[in-house]
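Novice: The structure follows.
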2 protein chains.
Amino acid sequence: MNEFEFIDSIKQHTYKQPSVIKGVGDDAAVFRQTSRDIVTAVDTFVEGVHFSRSTMNPFHIGYRLLAVNISDLSAMGAIPAFYLVSIIIPDSWNNEELAGIYQGMAEIAADYRMDLIGGDTVSGGDLTLSITVIGYVDRGKARYRSTAKNDDIVFVTGTLGDSAAGFYMLNNPGNYTNETFYHQRHRMPDMRSDFANELGALSRVTLNDISDGIASEAHEIAEASRISLTIYEDKLPVSMNFNQFSADQQHEWKLYGGEDFELLGAVSRNEWETLQDIAAETGTQVTEVGYIDDANDDEYDVWLKDRNNHKQLLKKRGYTHRSR
Amino acid sequence: MNEFEFIDSIKQHTYKQPSVIKGVGDDAAVFRQTSRDIVTAVDTFVEGVHFSRSTMNPFHIGYRLLAVNISDLSAMGAIPAFYLVSIIIPDSWNNEELAGIYQGMAEIAADYRMDLIGGDTVSGGDLTLSITVIGYVDRGKARYRSTAKNDDIVFVTGTLGDSAAGFYMLNNPGNYTNETFYHQRHRMPDMRSDFANELGALSRVTLNDISDGIASEAHEIAEASRISLTIYEDKLPVSMNFNQFSADQQHEWKLYGGEDFELLGAVSRNEWETLQDIAAETGTQVTEVGYIDDANDDEYDVWLKDRNNHKQLLKKRGYTHRSR
């Protein structure tokens, strides 16, 4: 398979999104959207920094990288529509492995009805993918991290720490319970697009995706919203059999373990019931994990309360390989 | 300047495009466009492959890389609106040099009223920029390379070979005429957005931007349109003093020298006058350089005619460092 055959092999031949006018094959792609707002983000991933062939096969690498970007759209309340992939290819990867990465992306793209509408292919030293995603959100309904207010309920979707646990299992082979589940949560995380998009029904909701651990994301909300945020450690939702790990591991992974791609949010108490209804309709686990306070002077603190109601400042530290 | 200060230093604080709803600062950017179609493309540039500090300072690198992407939008008949920049930063570049790259991008962005609405910053081995551009085109007026028809006039904007000549001068210091002009054409090429966008007035026009040399782009039009294309070598427009170079150099640079970012197009004879009017209104030099024929069987040939009307097949070879 030469370069042109490779490019042809990754090309979509039909498009799922009716808004596509021109996909791959010209100088640029063209689409039309007259009723909804358009949301876009880009992330770059470098082999050895953001992913490794030692814990992932090419399919899972592709699946997970596109998942990261879909998660950014979910955090805006948007549903995904398109992606463009720029890839730098070193000699150490063959076309079949590269095709595996694109198949992984195509798999999650199919689940979320996304189309690959563009990209670029260059040769270089480290395998690197830059993925641009484009999504849609109902007009005026994009959700930000800057809108949390005093007395809001803080919530998370799903469970925390699973991806870090799965990554640990892959790197430390042993006798674990539910190992496949944790591997899967690391390699093929679920996205919360439907839930996030349905939140358009609320008058206000603050959203951030948990890519770098809840501690880090809570700080982003606190700073952007200029408020103080408190989390009850005991209320943080974890998966079945998460207690097979040491107390230190559990604490570390659920607070600082990145890449769960769940959503951390804040909503006023009078819309909490509506939010729970939306969660039920979209099959999304949602847990109340804390609350918002006014900031003390200009200190946008994040607190962690233990079961004895002792509170301590939660450090900003997170899973920091991804710099934004 | 630490990383956060660097990111803050490159952030725009106001936006020129009224369609921006949310720029940099959340998980993704948000914009609204209800009347025009949206055009998007991405290109990746690696130091040592696509640019070098030996012939360009950081400002020119930034200027030129964004120019490449604006050119892709022009080739679609679109005007630029937004860009997102993902950058991989090696230790060998300091923050001041990096800021220079962003200033170069900001300079051309200001000329074309573009806003920087997103990006990503990661550490890595080779300085690498992935630039995503988003532009607008009147509804249904995106221009493709696949629409050329028998008896169309083939035209180009501006002059050809200047960028290659400038690059040669930078690498082979000597006593040249108009050296500054050629350096400038290489480092800070003009874009044809206004002209391209005004072509919306035509019922049909085929467009491709000349990033890899006219020979290569002519082949793209021939193949996409399934026609045959003939170019008169003597009609190819060149700059003043281009004849200071050898006949071989002139031939090489105007046919195969890349990165002039002019437009190659085809238009029916009955709209040629309208096209010339648009060129005059937008201050764009346009030259008739050839014509379209039906393909002979399935051979989508490109021919070059010399002054004696001898024709020979024009090879597909182009300036191939950029793989698409």
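Identifiers for the structure tokens are assigned positionally: chains receive A, B, ... in sequence, residues are indexed from 1 per chain, and ligands are indexed from 1 in the order shown.
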Considering only C-alpha atoms, return as an MDAnalysis selection string whatever protein or nucleic-acid residues lie within 9 Å of region 139-154 of chain B, sequence-local ones (same chain, fewer than 5 positions apart) excluded.

Specialist: (chainID A and resid 21:22 26:27 30 32) or (chainID B and resid 35:39 75:78 196:197 199:208 220:231 264:269 272 287:295)

Novice: Using only C-alpha atoms, what does the table of chain B residues within 6 Å of chain A look like, with each row giving the shortest atom pair and its distance in Å to one decimal, sorted by chain and ascending number, as JSON lines?

Specialist:
```
{"residue": "B:Asp27", "atom": "CA", "partner": "A:Asp72", "partner_atom": "CA", "distance": 5.3}
{"residue": "B:Ala28", "atom": "CA", "partner": "A:Ala41", "partner_atom": "CA", "distance": 4.7}
{"residue": "B:Ala29", "atom": "CA", "partner": "A:Thr40", "partner_atom": "CA", "distance": 5.3}
{"residue": "B:Val30", "atom": "CA", "partner": "A:Val39", "partner_atom": "CA", "distance": 4.4}
{"residue": "B:Phe31", "atom": "CA", "partner": "A:Ile38", "partner_atom": "CA", "distance": 5.3}
{"residue": "B:Arg32", "atom": "CA", "partner": "A:Asp37", "partner_atom": "CA", "distance": 4.8}
{"residue": "B:Thr34", "atom": "CA", "partner": "A:Thr34", "partner_atom": "CA", "distance": 4.0}
{"residue": "B:Asp37", "atom": "CA", "partner": "A:Arg32", "partner_atom": "CA", "distance": 4.8}
{"residue": "B:Ile38", "atom": "CA", "partner": "A:Phe31", "partner_atom": "CA", "distance": 5.3}
{"residue": "B:Val39", "atom": "CA", "partner": "A:Val30", "partner_atom": "CA", "distance": 4.4}
{"residue": "B:Thr40", "atom": "CA", "partner": "A:Ala29", "partner_atom": "CA", "distance": 5.3}
{"residue": "B:Ala41", "atom": "CA", "partner": "A:Ala28", "partner_atom": "CA", "distance": 4.7}
{"residue": "B:Val42", "atom": "CA", "partner": "A:Gly119", "partner_atom": "CA", "distance": 5.7}
{"residue": "B:Asp43", "atom": "CA", "partner": "A:Asp120", "partner_atom": "CA", "distance": 5.6}
{"residue": "B:Asp72", "atom": "CA", "partner": "A:Asp27", "partner_atom": "CA", "distance": 5.3}
{"residue": "B:Gly119", "atom": "CA", "partner": "A:Val42", "partner_atom": "CA", "distance": 5.7}
{"residue": "B:Asp120", "atom": "CA", "partner": "A:Arg324", "partner_atom": "CA", "distance": 5.1}
{"residue": "B:Thr121", "atom": "CA", "partner": "A:Arg324", "partner_atom": "CA", "distance": 5.5}
{"residue": "B:Val122", "atom": "CA", "partner": "A:Ser323", "partner_atom": "CA", "distance": 5.6}
{"residue": "B:Ser323", "atom": "CA", "partner": "A:Val122", "partner_atom": "CA", "distance": 5.6}
{"residue": "B:Arg324", "atom": "CA", "partner": "A:Asp120", "partner_atom": "CA", "distance": 5.1}
```

Novice: Please run DSSP on the backbone and report, as a PyMOL selection string, all residues within region 65-256 of chain A that come out as strand (DSSP E).

Specialist: chain A and resi 79-89+115-123+128-138+153-157+205-209+227-232

Novice: Enumerate, as an NGL selection string, the complete set of residues in region 44-179 of chain B that a backbone-based DSSP assignment places in helix (DSSP H, G or I).

Specialist: :B and (58-74 or 95-111 or 162-171 or 179)

Novice: Using only C-alpha atoms, which residues sit within 10 Å of region 308-317 of chain B once same-chain residues fewer than 3 positions away are excluded, as a list in words?

Specialist: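 In the requested format, the answer is Asp212, Gly213, Ile214, Ala215, Ser216, Glu217, Ala218, His219, Glu220, Leu229, Thr230, Ile231, Tyr232, Glu233, Leu255, Tyr256, Asp301, Val302, Trp303, Leu304, Lys305 and Thr320 of chain B.
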
Novice: What does the distance from CA of Ser239 (chain B) to CA of Ala165 (chain B) come to in Å, to one decimal?

Specialist: 10.4 Å

Novice: Could you tell me how far CA of Met114 (chain A) lies from CA of Gly258 (chain A), in Å and to one decimal?

Specialist: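 It comes out at 24.7 Å.
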
Novice: If you measure from CA of Val156 (chain A) to CA of Ala81 (chain A), what distance in Å do you get, rounded to one decimal?

Specialist: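 We find that CA of Val156 (chain A) and CA of Ala81 (chain A) lie 24.4 Å from each other.
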
Novice: Do you know which residues are at most 12 Å from Asp111 (chain B) counting only C-alpha atoms, after dropping those on the same chain fewer than 3 positions away, and could you put them as a PyMOL selection string?

Specialist: chain B and resi 16+63+66-67+70+79-81+104-108+114-115+188+190-191+193-194

Novice: Residues near Thr55 (chain B), anyone? I mean within 8 Å using only C-alpha atoms, not counting same-chain ones fewer than 3 positions away, as number ranges by chain.

Specialist: B: 52, 167, 170-171

Novice: Could those residues be written to a file, using N, CA and C atoms, as a short mmCIF file (atom, residue, chain, number, x, y, z; two decimals), in the first residue's frame?

Specialist:
```cif
data_model
loop_
_atom_site.label_atom_id
_atom_site.label_comp_id
_atom_site.auth_asym_id
_atom_site.auth_seq_id
_atom_site.Cartn_x
_atom_site.Cartn_y
_atom_site.Cartn_z
N SER B 52 12.35 26.45 7.69
CA SER B 52 13.67 26.38 8.30
C SER B 52 14.04 27.75 8.84
N PHE B 167 13.36 31.84 -2.70
CA PHE B 167 13.97 30.80 -1.88
C PHE B 167 15.40 30.51 -2.36
N LEU B 170 17.71 33.31 -1.27
CA LEU B 170 18.03 33.24 0.16
C LEU B 170 19.10 32.17 0.41
N ASN B 171 19.08 31.12 -0.38
CA ASN B 171 20.03 30.03 -0.17
C ASN B 171 21.32 30.19 -0.97
#
```
